[in-house]
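**Q** Okay, handing you the structure first.
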Amino acid sequence: MGGPVSDAARSADPFGSLTVELSSTVDRVVEELRRAVFEGDLESGTPLREVALAESLGVSRPTVREALTVLVGEGLATREPHRGVAVATPDPASIGDVSRAREVLELAGVRHWTDAEDADRKAVRTSLEEYAAAVAADASYEELNRRHLAIHLSFVGLTGSPRLVAMAASLHAELRLALAQVERARRNASDQVAAHALLVDLLEAGDVPEAAEELERHLADGEAAILERLGLQPEGGQRAPR
């Protein structure tokens with residue numbers, strides 16, 4: 001059974017309490033690298049060298065290595081044998097597949113509007129208001145990206161299925177880098193607020209069919225904008241059929 005740590009045990013492991021500090025250092029490195037990726041300081045394809053990053057950030061290489069592992073897990077970086085870690089480069093085939101998958105989930109949620117729980121409907125309006133507030137406050141691209149995707153996640157939440165919400169969150173993780181790069185290039189966050197407000201207004205007015213059609217247009221336009229702004233083309237030069 002566990003119990004109080006003895007003085008002898010403390011003497012044998014005087015550095016045991018440093019684990020939390022190490023974790024917070026890794027978190028800070030992750031936050032700084034994530035910020036640099038979202039703000040465009042680190043573009044797609046940029047190598048993330050452990051030695052250079054450790055020297056620049058004033059931390060150890062193991063700390064950088066752990067932070068890079070987090071970024072790889074988030075889809076913001078990729079690791080290749082013999083080449084190391086680099087900022088991820090969006091892939092047109094993946095963008096198309098993710099876009100089609102999220103459309104299925106989000107449309108399912110929107111079409112459940114009338115029989116959705118009150119709390120789930122309220123979450124849609126709340127996420128829109130939080131996005132609008134972030135835009136008005138000139139928040140970072142990372143924050144805008146998070147708030148933007150939260151609206152779309154709230155649409156899936158209308159299904160009342162935690163599993164579908166988790167699936168949508170996973171899809172968003174794959175898309176967030178490409179979306180952030182587009183948002184940074186377009187600088188039209190206010191227009192995006194208006195577009196999402198239209199969707200929410202249609203739902204709250206009870207016009208679910210029109211809201212579903214508007215969402216389909218919105219997602220298709222978003223996919224096209226990502227491919228165009230990043231200079232990418234879907235396989236075959238056109239969007240895959242639905």
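Following the order of the structure tokens, chains are lettered A, B, ..., residues in each are numbered from 1, and ligands are numbered from 1.
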Please provide the set of residues having any atom within 7 Å of Ser154 in chain A, restricted to only C-alpha atoms, with same-chain residues fewer than 4 positions apart removed, written as a compact mmCIF listing (two decimals) with N, CA and C atoms, in the first residue's frame.
**A**
# COMPACT_ATOMS: atom_id res chain seq x y z
N ALA A 123 -25.71 25.25 -27.57
CA ALA A 123 -24.26 25.18 -27.78
C ALA A 123 -23.88 25.72 -29.16
N VAL A 124 -24.77 25.55 -30.14
CA VAL A 124 -24.50 26.08 -31.48
C VAL A 124 -24.44 27.60 -31.44
N ALA A 150 -15.05 24.91 -33.62
CA ALA A 150 -16.00 24.59 -32.54
C ALA A 150 -17.43 24.73 -33.01
N LEU A 158 -25.47 18.14 -32.35
CA LEU A 158 -26.93 18.08 -32.43
C LEU A 158 -27.43 16.65 -32.58
**Q** Would you please give, as a VMD selection string, all residues of range 44-236 of chain A that DSSP assigns to helix (DSSP H, G or I) based on the backbone?
**A** chain A and resid 50 to 57 61 to 74 92 to 110 113 to 115 118 to 136 141 to 157 162 to 186 189 to 204 208 to 229 235 to 236
**Q** Which polymer residues have any atom within 8 Å of an atom of range 27-37 of chain A, counting only C-alpha atoms, with same-chain residues fewer than 6 positions away left out, as a PyMOL selection string?
**A** chain A and resi 43+57+63-64+67-68+70-71+76+87+142
**Q** Using the selection just defined, write its residues with N, CA and C atoms as a PDB file, in the first residue's frame.
**A**
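The resulting file, out.pdb, is reproduced below:
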ATOM      1  N   GLU A  43       6.465  27.586 -41.884  1.00  0.00           N
ATOM      2  CA  GLU A  43       5.613  27.177 -42.991  1.00  0.00           C
ATOM      3  C   GLU A  43       5.645  25.666 -43.182  1.00  0.00           C
ATOM      4  N   LEU A  57      15.193  27.841 -28.030  1.00  0.00           N
ATOM      5  CA  LEU A  57      14.217  27.938 -26.952  1.00  0.00           C
ATOM      6  C   LEU A  57      14.847  27.808 -25.567  1.00  0.00           C
ATOM      7  N   THR A  63      13.334  17.489 -24.252  1.00  0.00           N
ATOM      8  CA  THR A  63      12.109  18.283 -24.139  1.00  0.00           C
ATOM      9  C   THR A  63      11.568  18.615 -25.527  1.00  0.00           C
ATOM     10  N   VAL A  64      12.464  19.036 -26.428  1.00  0.00           N
ATOM     11  CA  VAL A  64      12.048  19.329 -27.799  1.00  0.00           C
ATOM     12  C   VAL A  64      11.502  18.078 -28.463  1.00  0.00           C
ATOM     13  N   ALA A  67       8.040  17.432 -27.307  1.00  0.00           N
ATOM     14  CA  ALA A  67       7.125  18.426 -27.873  1.00  0.00           C
ATOM     15  C   ALA A  67       6.820  18.116 -29.334  1.00  0.00           C
ATOM     16  N   LEU A  68       7.820  17.707 -30.084  1.00  0.00           N
ATOM     17  CA  LEU A  68       7.604  17.367 -31.490  1.00  0.00           C
ATOM     18  C   LEU A  68       6.695  16.158 -31.631  1.00  0.00           C
ATOM     19  N   VAL A  70       4.246  15.478 -29.693  1.00  0.00           N
ATOM     20  CA  VAL A  70       2.892  16.008 -29.507  1.00  0.00           C
ATOM     21  C   VAL A  70       2.385  16.630 -30.810  1.00  0.00           C
ATOM     22  N   LEU A  71       3.232  17.426 -31.468  1.00  0.00           N
ATOM     23  CA  LEU A  71       2.821  18.077 -32.718  1.00  0.00           C
ATOM     24  C   LEU A  71       2.518  17.043 -33.803  1.00  0.00           C
ATOM     25  N   LEU A  76       0.106  18.437 -36.896  1.00  0.00           N
ATOM     26  CA  LEU A  76       0.758  19.685 -37.304  1.00  0.00           C
ATOM     27  C   LEU A  76       2.170  19.448 -37.821  1.00  0.00           C
ATOM     28  N   VAL A  87       7.222  20.529 -40.402  1.00  0.00           N
ATOM     29  CA  VAL A  87       5.845  21.021 -40.368  1.00  0.00           C
ATOM     30  C   VAL A  87       5.067  20.311 -41.473  1.00  0.00           C
ATOM     31  N   GLU A 142      -4.496  30.780 -34.123  1.00  0.00           N
ATOM     32  CA  GLU A 142      -4.777  29.513 -33.453  1.00  0.00           C
ATOM     33  C   GLU A 142      -6.120  29.558 -32.738  1.00  0.00           C
TER      34      GLU A 142
END
**Q** Would you mind reading off the distance between CA of Trp113 in chain A and CA of Ala220 in chain A, one decimal, in Å?
**A**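 Between CA of Trp113 in chain A and CA of Ala220 in chain A the gap is 21.2 Å.
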**Q** Please report the interatomic distance between CA of Pro90 in chain A and CA of Ala225 in chain A in Å with one decimal.
**A** 13.0 Å
**Q** DSSP on the backbone, strand (DSSP E) only: what residues of range 33-217 of chain A does that give? Format it as a ChimeraX atom specification.
**A** /A:77-80,84-87
**Q** What does the file look like for those residues with N, CA and C atoms, as a CSV table (one decimal), in the first residue's frame?
**A**
chain,number,residue,atom,x,y,z
A,77,ALA,N,2.7,18.3,-37.6
A,77,ALA,CA,4.0,17.9,-38.1
A,77,ALA,C,4.1,16.5,-38.5
A,78,THR,N,5.0,16.1,-39.3
A,78,THR,CA,5.2,14.7,-39.7
A,78,THR,C,6.6,14.3,-39.4
A,79,ARG,N,6.7,13.0,-39.2
A,79,ARG,CA,8.1,12.4,-38.9
A,79,ARG,C,8.3,11.3,-40.0
A,80,GLU,N,9.5,11.5,-40.6
A,80,GLU,CA,9.9,10.5,-41.7
A,80,GLU,C,11.2,9.9,-41.3
A,84,GLY,N,13.7,13.1,-40.2
A,84,GLY,CA,13.3,13.8,-39.0
A,84,GLY,C,11.9,14.4,-39.1
A,85,VAL,N,11.7,15.4,-38.4
A,85,VAL,CA,10.3,16.0,-38.2
A,85,VAL,C,10.3,17.3,-39.0
A,86,ALA,N,9.1,17.6,-39.7
A,86,ALA,CA,8.9,18.8,-40.4
A,86,ALA,C,7.5,19.2,-40.2
A,87,VAL,N,7.2,20.5,-40.4
A,87,VAL,CA,5.8,21.0,-40.4
A,87,VAL,C,5.1,20.3,-41.5
**Q** For each of A:Val165, A:Val135, A:Leu107, A:Ala178, take the minimum atom-to-atom distance to Leu203 in chain A, counting only C-alpha atoms, then give the residue where this is smallest.
**A**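 Between A:Val165, A:Val135, A:Leu107, A:Ala178, the residue approaching Leu203 in chain A most closely is A:Leu107.
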**Q** For CA of Leu198 in chain A and CA of Leu128 in chain A, quote the distance in Å rounded to one decimal.
**A**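 A separation of 10.5 Å between them.
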**Q** Tell me which protein, DNA and RNA residues are within 12 Å of Ala166 in chain A, counting only C-alpha atoms, leaving out same-chain ones fewer than 3 positions away, and put them as a ChimeraX atom specification.
**A** /A:102,105,153-154,156-157,159-163,169-173
**Q** Measuring between only C-alpha atoms, which one of A:Asp201, A:Glu213, A:Glu174, A:Glu223 shows the shortest distance to Gly73 in chain A?
**A**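 Under the stated criterion, the closest residue is A:Glu174.
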**Q** Within 7 Å of range 49-52 of chain A, counting only C-alpha atoms, which residues show up once you throw out same-chain ones fewer than 4 positions away? Write them as an NGL selection string, please.
**A** :A and (56 or 61 or 64-65)
